[in-house]
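K.L.:
CSV, C-alpha atoms, saved as target00.csv, coming up:
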```csv
chain,number,residue,atom,x,y,z
A,1,MET,CA,82.5,45.7,135.5
A,2,LYS,CA,82.8,42.6,137.7
A,3,LEU,CA,80.9,41.8,140.9
A,4,GLY,CA,83.0,40.7,143.9
A,5,VAL,CA,82.9,40.5,147.7
A,6,PHE,CA,85.3,41.2,150.6
A,7,ALA,CA,85.7,37.6,151.7
A,8,VAL,CA,86.4,38.4,155.4
A,9,LEU,CA,82.6,38.1,155.7
A,10,PHE,CA,83.2,34.4,155.5
A,11,ALA,CA,86.3,34.1,157.8
A,12,GLN,CA,84.6,31.2,159.6
A,13,LYS,CA,84.8,29.1,156.4
A,14,SER,CA,87.9,27.7,155.0
A,15,LEU,CA,89.3,29.4,151.9
A,16,GLU,CA,88.0,26.7,149.6
A,17,GLU,CA,84.5,26.7,151.2
A,18,ALA,CA,84.4,30.5,151.0
A,19,LEU,CA,85.4,30.5,147.4
A,20,ASP,CA,82.8,27.8,146.5
A,21,TYR,CA,80.1,29.8,148.2
A,22,ILE,CA,81.1,33.0,146.5
A,23,LYS,CA,81.2,31.4,143.1
A,24,GLY,CA,77.8,29.8,143.8
A,25,GLN,CA,76.4,33.2,144.2
A,26,GLY,CA,77.4,34.1,140.7
A,27,LEU,CA,80.3,36.4,141.5
A,28,ASP,CA,83.4,37.1,139.5
A,29,ALA,CA,85.9,38.4,142.0
A,30,VAL,CA,87.1,38.1,145.6
A,31,GLU,CA,88.9,40.6,147.8
A,32,ILE,CA,91.0,38.9,150.4
A,33,GLY,CA,92.1,40.1,153.8
A,34,THR,CA,95.8,39.7,154.7
A,35,GLY,CA,95.9,41.2,158.2
A,36,GLY,CA,95.3,44.3,160.2
A,37,TYR,CA,91.7,44.9,161.3
A,38,PRO,CA,90.2,42.4,158.8
A,39,GLY,CA,92.5,39.6,159.9
A,40,ASN,CA,94.2,37.0,157.7
A,41,ALA,CA,91.9,33.9,158.0
A,42,HIS,CA,92.3,33.1,154.3
A,43,CYS,CA,95.7,34.6,153.5
A,44,ASN,CA,98.8,34.9,155.6
A,45,PRO,CA,101.3,36.9,153.6
A,46,SER,CA,104.4,35.7,155.7
A,47,GLU,CA,103.5,32.1,155.1
A,48,LEU,CA,102.8,32.4,151.4
A,49,LEU,CA,105.9,34.5,150.8
A,50,ALA,CA,108.0,31.9,152.5
A,51,ASP,CA,106.6,28.8,150.7
A,52,GLU,CA,106.3,28.7,146.9
A,53,SER,CA,104.1,25.6,147.0
A,54,LYS,CA,101.6,27.3,149.4
A,55,LEU,CA,101.6,30.4,147.2
A,56,ASN,CA,100.8,28.4,144.1
A,57,ALA,CA,98.1,26.4,145.9
A,58,PHE,CA,96.5,29.6,147.1
A,59,LYS,CA,96.5,31.0,143.5
A,60,GLU,CA,95.2,27.8,142.1
A,61,ALA,CA,92.3,27.7,144.6
A,62,VAL,CA,91.0,31.1,143.3
A,63,GLU,CA,91.8,30.6,139.6
A,64,SER,CA,90.4,27.1,139.3
A,65,ARG,CA,87.0,28.4,140.3
A,66,GLY,CA,87.0,31.1,137.6
A,67,LEU,CA,87.5,33.9,140.0
A,68,ILE,CA,90.0,36.8,140.2
A,69,ILE,CA,91.5,38.5,143.2
A,70,SER,CA,90.4,42.1,142.9
A,71,ALA,CA,92.5,43.3,145.9
A,72,LEU,CA,94.4,42.2,149.0
A,73,SER,CA,93.3,44.2,152.0
A,74,CYS,CA,95.1,44.9,155.2
A,75,HIS,CA,93.2,47.9,156.7
A,76,GLY,CA,95.2,49.2,159.7
A,77,ASN,CA,96.9,52.2,161.2
A,78,PRO,CA,100.6,52.3,160.2
A,79,LEU,CA,100.8,55.8,161.6
A,80,HIS,CA,99.6,54.9,165.1
A,81,PRO,CA,101.7,56.8,167.7
A,82,GLN,CA,102.3,53.6,169.6
A,83,LYS,CA,105.3,52.2,167.7
A,84,ALA,CA,104.4,48.5,168.3
A,85,ILE,CA,101.0,48.9,166.7
A,86,ALA,CA,102.4,51.0,163.9
A,87,SER,CA,105.2,48.5,163.2
A,88,GLU,CA,102.8,45.6,163.1
A,89,HIS,CA,100.5,47.3,160.6
A,90,ASP,CA,103.4,48.6,158.5
A,91,THR,CA,104.9,45.1,158.2
A,92,VAL,CA,101.6,43.7,157.0
A,93,ILE,CA,101.2,46.5,154.4
A,94,ARG,CA,104.7,45.8,153.1
A,95,GLN,CA,104.3,42.1,153.0
A,96,THR,CA,100.9,42.5,151.3
A,97,ILE,CA,102.4,44.7,148.6
A,98,GLU,CA,105.1,42.1,147.9
A,99,LEU,CA,102.5,39.3,147.8
A,100,ALA,CA,100.2,41.2,145.5
A,101,GLY,CA,103.1,41.7,143.2
A,102,LYS,CA,103.9,38.0,143.1
A,103,LEU,CA,100.2,37.1,142.5
A,104,GLY,CA,99.6,39.8,139.9
A,105,VAL,CA,96.9,41.4,142.1
A,106,PRO,CA,96.8,45.1,141.1
A,107,VAL,CA,95.5,46.7,144.3
A,108,VAL,CA,96.3,46.7,148.0
A,109,ASN,CA,93.6,48.3,150.1
A,110,THR,CA,94.2,49.8,153.5
A,111,PHE,CA,93.6,53.0,155.6
A,112,SER,CA,95.8,56.0,155.6
A,113,GLY,CA,96.2,55.8,159.4
A,114,CYS,CA,96.1,58.6,161.8
A,115,PRO,CA,99.1,59.8,163.9
A,116,GLY,CA,99.0,61.3,167.4
A,117,ASP,CA,99.6,65.0,168.0
A,118,HIS,CA,103.3,64.8,168.9
A,119,GLU,CA,106.1,62.3,168.9
A,120,ASP,CA,105.4,61.0,172.4
A,121,ALA,CA,101.6,60.6,172.0
A,122,LYS,CA,99.9,57.4,172.9
A,123,TYR,CA,96.7,57.7,170.8
A,124,PRO,CA,95.7,58.9,167.4
A,125,ASN,CA,94.4,62.5,167.2
A,126,TRP,CA,91.8,63.3,164.4
A,127,PRO,CA,91.4,67.1,164.1
A,128,VAL,CA,88.0,68.0,162.6
A,129,ALA,CA,87.8,71.7,163.1
A,130,PRO,CA,90.1,74.6,162.0
A,131,TRP,CA,89.7,76.5,165.3
A,132,PRO,CA,91.0,76.8,168.0
A,133,ASN,CA,94.2,77.1,166.1
A,134,ASP,CA,95.8,74.2,168.0
A,135,PHE,CA,93.9,71.8,165.7
A,136,GLN,CA,95.5,73.4,162.6
A,137,GLU,CA,98.9,73.1,164.2
A,138,ILE,CA,98.3,69.4,165.0
A,139,LEU,CA,97.1,68.8,161.4
A,140,ASP,CA,100.1,70.5,159.8
A,141,TRP,CA,102.5,68.5,162.0
A,142,GLN,CA,100.8,65.2,161.2
A,143,TRP,CA,100.9,65.7,157.4
A,144,GLU,CA,104.3,67.2,157.2
A,145,ASN,CA,106.0,64.7,159.6
A,146,LYS,CA,104.0,61.5,159.3
A,147,VAL,CA,101.4,61.2,156.6
A,148,ILE,CA,103.3,62.5,153.5
A,149,PRO,CA,106.7,60.9,154.3
A,150,TYR,CA,105.2,57.5,155.1
A,151,TRP,CA,103.0,57.2,152.1
A,152,THR,CA,105.6,58.6,149.7
A,153,GLU,CA,107.8,55.7,150.8
A,154,ILE,CA,105.0,53.1,150.5
A,155,GLY,CA,103.9,54.5,147.1
A,156,LYS,CA,107.4,54.0,145.8
A,157,LEU,CA,107.4,50.4,147.1
A,158,ALA,CA,104.1,49.7,145.6
A,159,THR,CA,105.3,51.0,142.2
A,160,GLU,CA,108.3,48.8,142.4
A,161,HIS,CA,105.9,45.8,142.7
A,162,ASN,CA,103.5,47.1,140.0
A,163,VAL,CA,100.8,47.6,142.6
A,164,LYS,CA,98.5,50.4,143.5
A,165,ILE,CA,97.3,51.5,147.0
A,166,GLY,CA,93.6,51.9,147.6
A,167,LEU,CA,93.0,54.1,150.7
A,168,GLU,CA,89.5,53.8,152.1
A,169,LEU,CA,88.1,57.3,152.8
A,170,HIS,CA,87.1,56.5,156.4
A,171,GLY,CA,86.4,58.9,159.3
A,172,GLY,CA,89.0,58.8,162.1
A,173,PHE,CA,91.9,58.6,159.6
A,174,SER,CA,93.9,61.4,158.0
A,175,VAL,CA,92.6,60.6,154.5
A,176,HIS,CA,88.8,60.5,154.8
A,177,THR,CA,87.5,62.8,151.9
A,178,PRO,CA,88.2,63.2,148.2
A,179,ALA,CA,90.2,66.4,149.0
A,180,THR,CA,92.5,64.7,151.6
A,181,LEU,CA,93.0,61.8,149.2
A,182,LEU,CA,94.0,64.1,146.4
A,183,ARG,CA,96.3,66.1,148.7
A,184,LEU,CA,98.2,63.0,149.6
A,185,ARG,CA,98.2,61.7,146.0
A,186,ALA,CA,99.7,65.1,144.8
A,187,ALA,CA,102.5,64.7,147.4
A,188,ALA,CA,103.1,60.9,147.4
A,189,GLY,CA,102.5,59.9,143.8
A,190,GLU,CA,99.9,58.3,141.6
A,191,ALA,CA,100.3,54.9,143.1
A,192,ILE,CA,98.1,56.3,145.9
A,193,GLY,CA,94.4,56.3,145.1
A,194,ALA,CA,91.0,55.5,146.7
A,195,ASN,CA,89.2,52.3,147.6
A,196,LEU,CA,86.0,54.3,147.4
A,197,ASP,CA,83.2,53.2,149.8
A,198,PRO,CA,80.0,55.2,149.5
A,199,SER,CA,78.9,54.3,153.0
A,200,HIS,CA,81.6,56.4,154.6
A,201,LEU,CA,80.9,59.3,152.3
A,202,TRP,CA,77.1,59.4,153.0
A,203,TRP,CA,77.5,59.9,156.8
A,204,GLN,CA,80.0,62.6,156.2
A,205,GLY,CA,77.5,64.5,154.0
A,206,ILE,CA,79.4,63.8,150.8
A,207,ASP,CA,77.5,62.7,147.6
A,208,PRO,CA,79.2,59.6,146.3
A,209,VAL,CA,78.4,60.4,142.7
A,210,GLN,CA,80.2,63.8,143.0
A,211,ALA,CA,83.1,62.1,144.9
A,212,ILE,CA,83.4,59.6,142.0
A,213,ARG,CA,83.5,62.5,139.5
A,214,ILE,CA,86.1,64.4,141.5
A,215,LEU,CA,88.4,61.5,142.0
A,216,GLY,CA,87.7,59.8,138.6
A,217,LYS,CA,88.8,62.9,136.7
A,218,GLU,CA,92.2,62.4,138.3
A,219,GLY,CA,92.3,58.7,137.7
A,220,ALA,CA,92.4,58.2,141.5
A,221,ILE,CA,89.8,55.4,142.0
A,222,HIS,CA,91.7,52.1,142.3
A,223,HIS,CA,89.0,50.0,143.9
A,224,PHE,CA,85.4,50.2,145.0
A,225,HIS,CA,83.4,48.9,148.0
A,226,ALA,CA,79.7,48.4,147.8
A,227,LYS,CA,78.1,49.2,151.2
A,228,ASP,CA,75.2,51.4,152.1
A,229,THR,CA,74.3,53.8,155.0
A,230,VAL,CA,71.1,55.1,156.4
A,231,ILE,CA,70.8,58.4,158.3
A,232,ASP,CA,68.2,58.5,161.0
A,233,PRO,CA,66.4,61.8,160.6
A,234,VAL,CA,65.6,62.1,164.3
A,235,ASN,CA,68.7,60.8,166.0
A,236,VAL,CA,71.1,62.8,163.8
A,237,ASN,CA,69.7,66.0,165.4
A,238,SER,CA,70.8,64.7,168.8
A,239,HIS,CA,74.2,63.2,168.0
A,240,GLY,CA,75.3,64.7,164.7
A,241,VAL,CA,77.1,62.7,162.0
A,242,THR,CA,80.2,62.2,164.3
A,243,ASP,CA,78.0,60.0,166.6
A,244,MET,CA,80.3,58.2,169.0
A,245,GLN,CA,77.8,55.6,170.2
A,246,SER,CA,78.5,52.0,169.6
A,247,TYR,CA,77.3,50.5,166.3
A,248,THR,CA,75.2,48.1,168.5
A,249,GLN,CA,73.0,51.0,169.7
A,250,MET,CA,71.0,50.9,166.5
A,251,LEU,CA,67.8,52.4,167.9
A,252,ASP,CA,69.6,55.5,169.1
A,253,ARG,CA,72.4,56.1,166.6
A,254,ALA,CA,72.4,58.9,164.1
A,255,TRP,CA,73.4,56.6,161.2
A,256,GLN,CA,74.2,53.0,160.6
A,257,PHE,CA,75.6,50.8,157.8
A,258,ARG,CA,73.2,48.8,155.7
A,259,SER,CA,73.4,46.3,152.9
A,260,VAL,CA,73.2,47.7,149.4
A,261,GLY,CA,69.6,48.8,148.6
A,262,PHE,CA,68.6,49.2,152.3
A,263,GLY,CA,69.9,52.7,152.8
A,264,HIS,CA,69.5,54.1,149.2
A,265,ASP,CA,67.3,52.8,146.4
A,266,ASN,CA,68.4,51.1,143.2
A,267,LYS,CA,68.2,54.4,141.3
A,268,THR,CA,70.8,55.9,143.5
A,269,TRP,CA,73.0,52.8,143.1
A,270,ALA,CA,72.5,52.9,139.3
A,271,ASP,CA,73.7,56.6,139.4
A,272,ILE,CA,76.8,55.5,141.3
A,273,ILE,CA,77.5,52.6,138.9
A,274,SER,CA,77.0,55.0,135.9
A,275,ALA,CA,79.3,57.6,137.4
A,276,LEU,CA,82.0,54.9,137.8
A,277,ARG,CA,81.6,54.0,134.1
A,278,LEU,CA,81.5,57.7,133.1
A,279,VAL,CA,85.0,58.3,134.7
A,280,GLY,CA,86.4,55.1,133.2
A,281,TYR,CA,86.3,52.8,136.2
A,282,ASP,CA,85.4,49.3,134.8
A,283,TYR,CA,86.9,47.2,137.5
A,284,VAL,CA,85.4,45.3,140.4
A,285,VAL,CA,82.5,46.4,142.6
A,286,SER,CA,83.3,44.6,145.9
A,287,ILE,CA,80.5,43.9,148.3
A,288,GLU,CA,81.2,44.6,152.0
A,289,HIS,CA,78.6,43.6,154.7
A,290,GLU,CA,78.3,45.4,158.0
A,291,ASP,CA,74.6,45.5,158.4
A,292,GLY,CA,73.5,45.0,162.0
A,293,LEU,CA,69.9,44.0,161.0
A,294,MET,CA,70.8,41.1,158.7
A,295,SER,CA,72.9,37.9,158.9
A,296,VAL,CA,76.0,37.9,156.8
A,297,GLU,CA,74.4,35.4,154.3
A,298,GLU,CA,71.2,37.3,154.0
A,299,GLY,CA,72.8,40.8,153.8
A,300,PHE,CA,75.3,39.5,151.2
A,301,SER,CA,72.7,37.8,149.0
A,302,LYS,CA,70.4,40.8,149.0
A,303,ALA,CA,73.3,43.0,148.1
A,304,VAL,CA,74.1,40.6,145.2
A,305,GLN,CA,70.5,40.7,144.0
A,306,ASN,CA,70.3,44.5,144.1
A,307,LEU,CA,73.7,45.1,142.4
A,308,GLN,CA,73.0,42.5,139.7
A,309,GLN,CA,70.2,44.8,138.5
A,310,VAL,CA,72.3,47.9,138.1
A,311,LEU,CA,75.8,46.6,137.3
A,312,ILE,CA,77.1,47.5,133.9
A,313,ARG,CA,78.9,44.4,132.7
A,314,GLU,CA,79.5,44.7,129.0
A,315,PRO,CA,82.3,46.8,127.4
A,316,LEU,CA,81.4,50.1,125.9
A,317,GLY,CA,80.5,49.8,122.2
A,318,GLU,CA,80.3,52.5,119.5
A,319,MET,CA,77.5,55.0,119.8
A,320,TRP,CA,75.6,53.8,116.7
A,321,TRP,CA,73.1,56.6,117.0
A,322,VAL,CA,75.7,59.4,116.7
```
Here is a file; write its structure as structure tokens.
P.N.:
Amino acid sequence: MKLGVFAVLFAQKSLEEALDYIKGQGLDAVEIGTGGYPGNAHCNPSELLADESKLNAFKEAVESRGLIISALSCHGNPLHPQKAIASEHDTVIRQTIELAGKLGVPVVNTFSGCPGDHEDAKYPNWPVAPWPNDFQEILDWQWENKVIPYWTEIGKLATEHNVKIGLELHGGFSVHTPATLLRLRAAAGEAIGANLDPSHLWWQGIDPVQAIRILGKEGAIHHFHAKDTVIDPVNVNSHGVTDMQSYTQMLDRAWQFRSVGFGHDNKTWADIISALRLVGYDYVVSIEHEDGLMSVEEGFSKAVQNLQQVLIREPLGEMWWV
């Protein structure tokens, strides 16, 4: 396995400065934002696709430092009911797939998106209960008319460019659990898989180790984010896991994101890393920082320190004792 980071943490730095800093921390890989919610501070697909010299310079900046690009990431909502928003995010996804193909980057990370409840809706609608029956009707309409058709088309496009799609299992979007990911993968093809982030599983009550086993048996883990979550044992009884308070309300929230090791101990993270190895995932573990109690630099460096202790780097050898 290799250790990497989602470089949008360092959007205030130039690409070269960010890469130097990342390399200086002893990392092997970088995940780079190309638009959507993460922005494109270090990589503008339309510019690189239009200018071969800029494309080559971008590639050289990474490779000359001994790093690899684990994924290009353009998290957005291409199924947004407002067509202008959906079109913008869809364009970025398509450009990012093309760019990944040209760069030889194997994965494009994004969200599945979430449609509205009918063609003229203005806002996404995320059903989370089977009753009243209206919710089931909305869910069926979304999947049959929006989710499956869109991702079937994008999956084919990705395959044409020798790229896989890593969908982050994130609340608020149609694909947010192992089951919803596998439902879409069965309908849209094996180019569709997970960018598995334990932080979003923990607050939904899903054990990441079991999620890894479920998805890993299907070969459906394309990328991995390393981010932690802590559940407040008191506040969760007031607000539940679907707490709608701002992330800034840290004293009152039911849960909050933390740097690796500050929500769950190293044994838990060792179990996660071991589960990844068990199902055959030996690719990049990409650090993402969204810890409201630490600066980017401190949260990132502590995540590096904790993961360096549990990451399994060397290839599997023979079981000499068998």
K.L.:
Please measure the separation of CA of His289 (chain A) and CA of Thr248 (chain A), giving the value in Å to one decimal.
P.N.:
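Separation of CA of His289 (chain A) and CA of Thr248 (chain A): 14.9 Å.
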K.L.:
Is it possible to get the residues within 9 Å of (81.4, 49.6, 144.7) (coordinates as in the file, counting all atoms listed in the file) written as a PyMOL selection string?
P.N.:
chain A and resi 3+195-198+223-227+272-273+276+284-288
K.L.:
Report as JSON, numbers by chain all protein, DNA and RNA residues lying within 9 Å of Ser73 (chain A), evaluated on only C-alpha atoms, omitting residues in the same chain fewer than 5 positions from it.
P.N.:
{"A": [6, 31, 32, 33, 34, 35, 36, 38, 93, 96, 107, 108, 109, 110, 166]}
K.L.:
Looking at all atoms listed in the file, which of A:Leu9, A:Asn235, A:Asp282, A:Asn56 is the one that sits closest to Gln249 (chain A)?
P.N.:
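Closest to Gln249 (chain A), using all atoms listed in the file: A:Asn235.
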K.L.:
With distances taken over all atoms listed in the file, which residue among A:Ser70, A:Gln309, A:Thr177, A:Gln210 lies nearest Val30 (chain A)?
P.N.:
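For Val30 (chain A), the nearest of the candidates is A:Ser70.
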K.L.:
Mind checking which residues fall within 9 Å of region 120-135 of chain A, counting all atoms listed in the file, ignoring those fewer than 6 positions away in the same chain, and posting them as a list in words?
P.N.:
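Contacts, with the query itself left out: Leu79, His80, Pro81, Gln82, Gly113, Cys114, Gly171, Gly172, Phe173 and Ser174 of chain A.
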K.L.:
For Asp291 (chain A), which residue out of A:Leu307, A:Val260, A:Ala84, A:Ala270 is the nearest one, using only C-alpha atoms?
P.N.:
A:Val260
K.L.:
So what do you get for CA of Arg185 (chain A) versus CA of His200 (chain A), distance-wise?
P.N.:
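Separating CA of Arg185 (chain A) from CA of His200 (chain A) is a distance of 19.4 Å.
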K.L.:
Please report the interatomic distance between CA of Ala61 (chain A) and CA of Glu16 (chain A) in Å with one decimal.
P.N.:
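Computing the Euclidean distance for CA of Ala61 (chain A) and CA of Glu16 (chain A) yields 6.7 Å.
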K.L.:
Between A:Tyr247, A:Phe111, A:Trp141, A:Trp320, which one has atoms that come closest to Glu290 (chain A), using only C-alpha atoms?
P.N.:
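That would be A:Tyr247, the residue with the smallest distance to Glu290 (chain A).
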K.L.:
Could you name the residues that touch Ala179 (chain A) at 10 Å or less, counting only C-alpha atoms, but leaving out those on the same chain fewer than 6 positions away, as a list in words?
P.N.:
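In the requested format, the answer is Arg185, Ala211, Ile214 and Leu215 of chain A.
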K.L.:
Neighbouring residues of Ala303 (chain A) were defined as those with any atom within 8 Å, considering all atoms listed in the file; residues of the same chain fewer than 2 positions away were excluded. Please report them as a VMD selection string.
P.N.:
chain A and resid 259 to 261 287 299 to 301 305 to 307
K.L.:
Tell me, as a list of chain:residue names, which residues lie within 10 Å of Thr268 (chain A), counting all atoms listed in the file; anything in the same chain fewer than 6 positions away does not count.
P.N.:
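Returned residues: A:Pro208, A:Val209, A:Gly261, A:Ser274, A:Val310.
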K.L.:
Could you write those residues out with C-alpha atoms, as an mmCIF file, in the coordinates of the input?
P.N.:
```cif
data_model
loop_
_atom_site.group_PDB
_atom_site.id
_atom_site.type_symbol
_atom_site.label_atom_id
_atom_site.label_comp_id
_atom_site.auth_asym_id
_atom_site.auth_seq_id
_atom_site.Cartn_x
_atom_site.Cartn_y
_atom_site.Cartn_z
ATOM 1 C CA PRO A 208 79.200 59.600 146.300
ATOM 2 C CA VAL A 209 78.400 60.400 142.700
ATOM 3 C CA GLY A 261 69.600 48.800 148.600
ATOM 4 C CA SER A 274 77.000 55.000 135.900
ATOM 5 C CA VAL A 310 72.300 47.900 138.100
#
```
K.L.:
Find the residue from A:Gly24, A:Gly193, A:Gly219, A:Gly317 that sits nearest to Leu181 (chain A); use only C-alpha atoms when measuring.
P.N.:
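Among the listed residues, the smallest separation from Leu181 (chain A) belongs to A:Gly193.
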K.L.:
I'd like to know which of A:Val296, A:Val163, A:Ile68, A:Val230 is closest to Trp255 (chain A), using all atoms listed in the file.
P.N.:
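Closest candidate: A:Val230.
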K.L.:
Report, as AutoDock Vina command-line options, the centre and edge lengths in Å (one decimal) of the axis-aligned box enclosing every listed atom of region 305-308 of chain A, padded by 6 Å on each side.
P.N.:
```
--center_x 72.0 --center_y 42.9 --center_z 141.9 --size_x 15.4 --size_y 16.4 --size_z 16.4
```
